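Peer 1: One file is attached below, input_4.txt, containing compact mmCIF, C-alpha atoms.
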# COMPACT_ATOMS: atom_id res chain seq x y z
CA MET A 1 4.12 -65.74 -27.43
CA LEU A 2 7.03 -66.21 -29.74
CA TYR A 3 6.93 -62.55 -30.57
CA GLU A 4 7.03 -61.64 -26.92
CA LEU A 5 10.01 -63.91 -26.36
CA LEU A 6 11.84 -62.35 -29.29
CA ALA A 7 11.07 -58.88 -28.08
CA ALA A 8 12.19 -59.74 -24.58
CA THR A 9 15.49 -61.16 -25.78
CA SER A 10 16.19 -58.26 -28.09
CA LYS A 11 15.43 -55.87 -25.28
CA LYS A 12 17.77 -57.75 -23.03
CA ALA A 13 20.40 -57.68 -25.74
CA ASP A 14 20.01 -53.92 -26.14
CA ASP A 15 20.25 -53.32 -22.45
CA LYS A 16 23.27 -55.56 -22.19
CA THR A 17 25.11 -53.83 -24.98
CA GLN A 18 24.27 -50.48 -23.46
CA ALA A 19 25.55 -51.57 -20.11
CA LEU A 20 28.77 -52.84 -21.66
CA LYS A 21 29.29 -49.61 -23.50
CA VAL A 22 28.86 -47.53 -20.38
CA ALA A 23 31.15 -49.76 -18.40
CA LYS A 24 33.82 -49.41 -21.06
CA ALA A 25 33.51 -45.62 -21.04
CA VAL A 26 33.74 -45.44 -17.31
CA LYS A 27 36.79 -47.70 -17.22
CA SER A 28 38.60 -45.75 -19.90
CA GLY A 29 37.95 -42.70 -17.80
CA SER A 30 37.38 -40.49 -20.78
CA THR A 31 33.81 -39.28 -20.58
CA LEU A 32 33.23 -38.40 -17.00
CA LYS A 33 36.58 -37.17 -15.83
CA LYS A 34 37.23 -34.99 -18.83
CA LYS A 35 36.07 -31.82 -17.10
CA ALA A 36 39.34 -30.23 -16.26
CA LYS A 37 39.84 -29.64 -12.59
CA LYS A 38 39.08 -26.01 -11.86
CA ILE A 39 42.10 -23.97 -10.91
CA ARG A 40 41.39 -22.02 -7.76
CA THR A 41 43.47 -18.90 -7.41
CA SER A 42 42.03 -17.68 -4.13
CA VAL A 43 41.81 -19.25 -0.73
CA THR A 44 38.25 -18.17 -0.07
CA PHE A 45 35.23 -19.67 -1.72
CA HIS A 46 32.83 -17.05 -3.01
CA ARG A 47 29.28 -17.93 -3.91
CA PRO A 48 29.06 -18.21 -7.71
CA ARG A 49 26.74 -15.81 -9.47
CA THR A 50 23.36 -17.39 -9.67
CA LEU A 51 20.21 -16.49 -11.56
CA LYS A 52 18.27 -13.60 -10.03
CA LYS A 53 14.70 -13.43 -11.17
CA GLU A 54 12.59 -10.31 -11.03
CA ARG A 55 9.53 -10.21 -8.87
CA ASN A 56 6.40 -11.36 -10.61
CA PRO A 57 3.75 -11.67 -7.95
CA LYS A 58 0.60 -13.66 -8.53
CA TYR A 59 -1.34 -11.07 -6.62
CA PRO A 60 -0.50 -7.68 -5.16
CA ARG A 61 -0.13 -7.85 -1.41
CA ILE A 62 -2.00 -4.59 -0.88
CA SER A 63 -5.02 -4.24 -3.13
CA ALA A 64 -4.46 -0.60 -3.98
CA PRO A 65 -1.49 1.67 -3.27
CA PRO A 66 -2.28 4.11 -0.46
CA ARG A 67 -3.10 7.69 -1.40
CA ASN A 68 -0.51 10.38 -0.98
CA LYS A 69 -1.20 11.76 2.46
CA LEU A 70 1.32 14.55 2.19
CA ASP A 71 -0.36 16.58 -0.50
CA GLN A 72 -0.06 20.33 -0.82
CA TYR A 73 -2.97 20.93 1.52
CA GLN A 74 -1.29 18.94 4.22
CA ILE A 75 2.12 20.49 3.68
CA LEU A 76 1.22 24.17 3.94
CA LYS A 77 -0.78 24.58 7.07
CA TYR A 78 -1.17 28.30 7.37
CA PRO A 79 0.91 31.41 7.00
CA LEU A 80 2.45 33.06 9.99
CA THR A 81 1.13 36.51 10.84
CA THR A 82 3.47 37.77 13.50
CA GLU A 83 4.97 41.21 13.25
CA SER A 84 8.32 39.93 12.14
CA ALA A 85 6.61 37.83 9.51
CA MET A 86 4.73 40.88 8.27
CA LYS A 87 7.99 42.73 8.04
CA LYS A 88 9.41 39.98 5.93
CA ILE A 89 6.51 40.18 3.55
CA GLU A 90 6.98 43.88 3.00
CA ASP A 91 10.72 44.23 3.05
CA ASN A 92 12.14 40.99 1.80
CA ASN A 93 9.34 39.89 -0.47
CA THR A 94 8.95 36.63 1.38
CA LEU A 95 6.13 34.63 2.85
CA VAL A 96 6.34 32.76 6.09
CA PHE A 97 4.37 29.56 6.47
CA ILE A 98 3.87 26.98 9.08
CA VAL A 99 4.60 23.76 7.28
CA ASP A 100 4.25 20.08 8.03
CA ILE A 101 7.39 18.72 9.60
CA ARG A 102 7.68 15.87 7.16
CA ALA A 103 7.90 18.18 4.15
CA ASP A 104 11.25 18.95 2.62
CA LYS A 105 12.21 22.10 0.78
CA LYS A 106 11.48 20.65 -2.62
CA LYS A 107 8.03 19.60 -1.57
CA ILE A 108 7.37 22.97 -0.01
CA LYS A 109 8.37 24.70 -3.20
CA ALA A 110 6.05 22.53 -5.24
CA ALA A 111 3.19 22.97 -2.79
CA VAL A 112 3.46 26.75 -2.80
CA LYS A 113 3.43 26.70 -6.55
CA LYS A 114 0.33 24.54 -6.61
CA MET A 115 -1.61 26.40 -3.99
CA TYR A 116 -0.82 30.01 -4.73
CA ASP A 117 0.83 29.91 -8.14
CA ILE A 118 3.98 31.51 -6.81
CA GLN A 119 7.38 30.69 -8.14
CA SER A 120 9.59 30.71 -5.09
CA LYS A 121 13.18 31.56 -5.55
CA LYS A 122 14.44 30.12 -2.30
CA VAL A 123 13.06 28.22 0.63
CA ASN A 124 14.52 28.35 4.10
CA THR A 125 13.24 26.08 6.78
CA LEU A 126 13.61 25.75 10.48
CA ILE A 127 12.00 23.57 13.09
CA ARG A 128 10.23 25.36 15.88
CA SER A 129 9.94 24.05 19.34
CA VAL A 130 6.29 23.32 19.85
CA ASP A 131 4.55 25.95 21.91
CA GLY A 132 0.88 25.29 22.35
CA PHE A 133 0.59 23.37 19.09
CA SER A 134 -0.19 19.71 18.99
CA SER A 135 1.52 19.17 15.67
CA PRO A 136 5.17 20.02 15.06
CA CYS A 137 5.89 22.49 12.34
CA PHE A 138 8.47 24.00 10.15
CA ALA A 139 8.48 27.65 9.49
CA CYS A 140 9.57 28.41 6.00
CA TYR A 141 10.37 31.47 4.03
CA SER A 142 10.12 31.68 0.31
CA HIS A 143 11.05 34.55 -1.87
CA LEU A 144 9.55 36.15 -4.88
CA ALA A 145 5.98 36.56 -3.85
CA SER A 146 3.94 39.44 -5.12
CA HIS A 147 1.66 41.38 -2.82
CA SER A 148 -1.41 40.42 -4.78
CA THR A 149 -1.02 36.84 -3.75
CA VAL A 150 -0.67 37.90 -0.16
CA ASN A 151 -4.09 39.47 -0.43
CA ASP A 152 -5.47 36.35 -2.05
CA MET A 153 -4.46 34.33 0.91
CA GLY A 154 -7.05 35.98 3.02
CA GLY A 155 -6.14 39.57 3.53
CA ILE A 156 -3.06 39.21 5.64
CA SER A 157 -1.79 42.61 4.72
CA GLU A 158 -5.02 44.12 5.97
CA GLN A 159 -3.79 43.33 9.43
CA ALA A 160 -0.64 45.36 8.98
CA MET B 1 -22.91 25.53 2.58
CA ALA B 2 -25.44 22.79 3.04
CA ARG B 3 -24.48 19.93 5.28
CA ILE B 4 -22.87 17.15 3.27
CA LYS B 5 -25.04 14.08 3.21
CA VAL B 6 -23.33 10.77 2.76
CA HIS B 7 -26.08 9.10 0.78
CA GLU B 8 -25.74 11.90 -1.76
CA LEU B 9 -22.00 11.33 -1.89
CA ARG B 10 -22.42 7.67 -2.63
CA GLY B 11 -24.21 8.50 -5.83
CA LYS B 12 -21.32 10.52 -7.20
CA THR B 13 -18.56 9.30 -9.42
CA LYS B 14 -14.94 9.08 -8.38
CA ALA B 15 -13.97 12.20 -10.32
CA GLU B 16 -16.77 14.21 -8.78
CA LEU B 17 -15.76 13.07 -5.34
CA GLN B 18 -12.16 14.03 -5.94
CA ASN B 19 -13.25 17.46 -7.10
CA GLN B 20 -15.40 17.92 -4.06
CA LEU B 21 -12.51 16.87 -1.90
CA LYS B 22 -10.29 19.48 -3.50
CA ASP B 23 -12.86 22.21 -2.96
CA LEU B 24 -13.30 21.27 0.66
CA LYS B 25 -9.59 21.23 1.26
CA ASN B 26 -9.21 24.63 -0.34
CA GLU B 27 -11.94 25.95 1.88
CA LEU B 28 -10.25 24.49 4.89
CA SER B 29 -6.96 26.16 4.07
CA LEU B 30 -8.73 29.52 3.72
CA LEU B 31 -10.43 29.00 7.04
CA ARG B 32 -7.13 28.15 8.66
CA VAL B 33 -5.65 31.38 7.39
CA ALA B 34 -8.65 33.22 8.75
CA LYS B 35 -8.10 31.59 12.10
CA VAL B 36 -4.56 32.91 12.25
CA THR B 37 -5.49 36.39 11.10
CA GLY B 38 -8.33 36.71 13.59
CA GLY B 39 -11.32 35.80 11.48
CA ALA B 40 -14.99 36.12 12.30
CA PRO B 41 -16.47 33.50 14.64
CA ASN B 42 -18.79 32.13 11.98
CA LYS B 43 -15.72 31.29 9.94
CA LEU B 44 -13.97 29.67 12.86
CA SER B 45 -16.90 27.46 13.68
CA LYS B 46 -17.00 26.31 10.09
CA ILE B 47 -13.62 24.64 10.41
CA LYS B 48 -15.03 21.66 12.23
CA VAL B 49 -17.82 21.28 9.70
CA VAL B 50 -15.40 21.28 6.81
CA ARG B 51 -12.99 18.89 8.47
CA LEU B 52 -15.71 16.35 9.09
CA SER B 53 -17.07 16.67 5.57
CA ILE B 54 -13.60 15.99 4.22
CA ALA B 55 -13.54 12.87 6.35
CA ARG B 56 -16.91 11.79 4.99
CA VAL B 57 -15.81 12.26 1.40
CA LEU B 58 -12.62 10.32 1.99
CA THR B 59 -14.55 7.52 3.63
CA VAL B 60 -16.91 7.24 0.70
CA ILE B 61 -14.03 7.31 -1.75
CA SER B 62 -12.19 4.52 -0.02
CA GLN B 63 -15.32 2.45 0.47
CA LYS B 64 -16.13 2.70 -3.21
CA GLN B 65 -12.58 1.78 -4.13
CA LYS B 66 -12.60 -1.27 -1.88
CA ALA B 67 -15.94 -2.43 -3.22
CA ALA B 68 -14.71 -2.11 -6.80
CA LEU B 69 -11.54 -4.02 -6.02
CA ARG B 70 -13.48 -6.81 -4.39
CA GLU B 71 -15.51 -7.11 -7.56
CA VAL B 72 -12.35 -7.41 -9.61
CA TYR B 73 -10.91 -10.12 -7.43
CA LYS B 74 -14.11 -12.06 -7.00
CA LYS B 75 -13.33 -14.67 -9.63
CA LYS B 76 -9.64 -14.96 -9.02
CA LYS B 77 -7.84 -17.53 -6.98
CA HIS B 78 -5.35 -15.37 -5.15
CA ILE B 79 -6.67 -12.19 -3.59
CA PRO B 80 -4.71 -9.44 -1.90
CA LEU B 81 -4.22 -9.73 1.81
CA ASP B 82 -6.35 -6.79 2.81
CA LEU B 83 -9.33 -8.19 0.94
CA ARG B 84 -9.14 -11.51 2.73
CA PRO B 85 -11.24 -12.06 5.85
CA LYS B 86 -9.52 -10.47 8.78
CA LYS B 87 -11.06 -12.23 11.85
CA THR B 88 -8.13 -12.94 14.15
CA ARG B 89 -4.68 -14.32 13.51
CA ALA B 90 -5.46 -17.53 15.37
CA ILE B 91 -8.71 -18.07 13.52
CA ARG B 92 -6.99 -17.61 10.19
CA ARG B 93 -4.52 -20.32 11.07
CA ARG B 94 -7.10 -22.87 12.10
CA LEU B 95 -7.99 -25.84 9.90
CA THR B 96 -10.76 -25.09 7.48
CA LYS B 97 -14.09 -26.81 7.84
CA HIS B 98 -13.27 -29.02 4.90
CA GLN B 99 -9.90 -29.95 6.30
CA GLU B 100 -11.40 -30.83 9.67
CA SER B 101 -13.98 -33.07 8.12
CA GLN B 102 -11.43 -35.16 6.21
CA LYS B 103 -11.39 -38.81 7.15
CA THR B 104 -9.15 -41.66 6.14
CA GLU B 105 -10.51 -44.46 3.99
CA ARG B 106 -10.13 -46.71 6.95
CA GLU B 107 -12.25 -44.51 9.15
CA LYS B 108 -14.90 -44.14 6.49
CA LYS B 109 -15.17 -47.87 6.10
CA LYS B 110 -15.36 -48.38 9.81
CA GLU B 111 -18.20 -45.95 10.11
CA MET B 112 -20.00 -47.57 7.23
CA TYR B 113 -19.73 -51.12 8.46
CA PHE B 114 -19.87 -50.56 12.17
CA PRO B 115 -22.02 -47.57 12.94
CA THR B 116 -22.89 -46.76 16.49
CA ARG B 117 -26.10 -48.58 17.19
CA LYS B 118 -28.92 -47.26 19.19
CA TYR B 119 -30.82 -49.48 21.48
CA ALA B 120 -33.99 -49.05 23.35
CA ILE B 121 -35.26 -51.01 26.22
CA LYS B 122 -38.68 -52.35 25.89
CA ALA B 123 -40.73 -51.22 28.77
Reformat the file's structure so that it appears as structure tokens.

Peer 2:
Amino acid sequence: MLYELLAATSKKADDKTQALKVAKAVKSGSTLKKKAKKIRTSVTFHRPRTLKKERNPKYPRISAPPRNKLDQYQILKYPLTTESAMKKIEDNNTLVFIVDIRADKKKIKAAVKKMYDIQSKKVNTLIRSVDGFSSPCFACYSHLASHSTVNDMGGISEQA
Amino acid sequence: MARIKVHELRGKTKAELQNQLKDLKNELSLLRVAKVTGGAPNKLSKIKVVRLSIARVLTVISQKQKAALREVYKKKKHIPLDLRPKKTRAIRRRLTKHQESQKTEREKKKEMYFPTRKYAIKA
């Protein structure tokens, strides 16, 4: 019991001295107010730069990323076989394809290379107004095709 | 080409399925060219067959993928949203069975000490 009393008093003494110390510091105004008042040079208050953390999800929202639905088979639908297209094959060394409307020239170039192993020098595209087709299409011309590949595509030149 | 049977497809590995898919798509593109250049009728009728087989292969591929993913996430706490039960939006927002059954201490005690009694009248 004596020990407890002693401990209690010493604790009280500690607390008291602490409290006195803090009171002194506050009164002297040294510790807390020492942060110099920030000089503001502009009238507007802009949000200070805060910490931006990168995303680190605990689980992916979609379990697997969706497959690429615009692959080369989807891009190049079929070649055009009209007379003017045939002419282009013979004279200008170009192929004319009907192409998916969502494909851009770069994708078309890559698709032609994948499907027929042709290096195309240039791709022109235009959007046709749909006539009898359910899906919209580009027509595209690409240069630098050899006649052998035209045959590979299913004997188009046989028609001509 | 023989008709593609789905139960045969399910036995194949992912790589084999992808290869088959590529072959089918190639065939389809050839058939499409034939359609434009006035191909034989037997070729034209094949288009539908090939299209549907492509669909079958894709279905099997995605089913396999989903099943594998579900296996992966079986033990984990958080699972992706498309693997969670779909039901309906309202059902998903309802209280769970466990949450519904929760009772306060007070209520539990009440039930324990003052259960509803059943009486019978002696004839």

Peer 1: Could you work out an axis-aligned box for region 11-27 of chain A, taking every atom the file lists and adding 6 Å on each side, and report centre and edge lengths in Å to one decimal, as JSON?

Peer 2:
{"center_x": 26.1, "center_y": -51.6, "center_z": -21.7, "size_x": 33.4, "size_y": 24.3, "size_z": 20.9}

Peer 1: Interatomic distance between CA of Ser29 (chain B) and CA of Tyr73 (chain A)?

Peer 2: 7.1 Å

Peer 1: For chain A, which residues have at least one atom within 6 Å of chain B, if we go by all atoms listed in the file? Write them as a PyMOL selection string, please.

Peer 2: chain A and resi 60-63+78

Peer 1: Quick one: distance from CA of Thr50 (chain A) to CA of Ala36 (chain A) in Å, one decimal?

Peer 2: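 A separation of 21.5 Å between them.
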
Peer 1: When you draw a straight line from CA of Lys87 (chain A) to CA of Ile118 (chain A), how long is it in Å?

Peer 2: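 Separation of CA of Lys87 (chain A) and CA of Ile118 (chain A): 19.0 Å.
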
Peer 1: Closest to Ala55 (chain B) among B:Leu9, B:Thr88, B:Glu16, B:Lys43, using only C-alpha atoms?

Peer 2: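 Result for the nearest residue to Ala55 (chain B): B:Leu9.
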
Peer 1: My list of candidates is A:Ile127, A:Ile101, A:Ile75, A:Val22. Which is closest to Lys114 (chain A) when distances are computed with only C-alpha atoms?

Peer 2: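 Closest candidate: A:Ile75.
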
Peer 1: Looking at B:Glu111, B:Glu100, B:Glu8, B:Glu105, which one is nearest to Val60 (chain B), with distances taken over only C-alpha atoms?

Peer 2: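 Under the stated criterion, the closest residue is B:Glu8.
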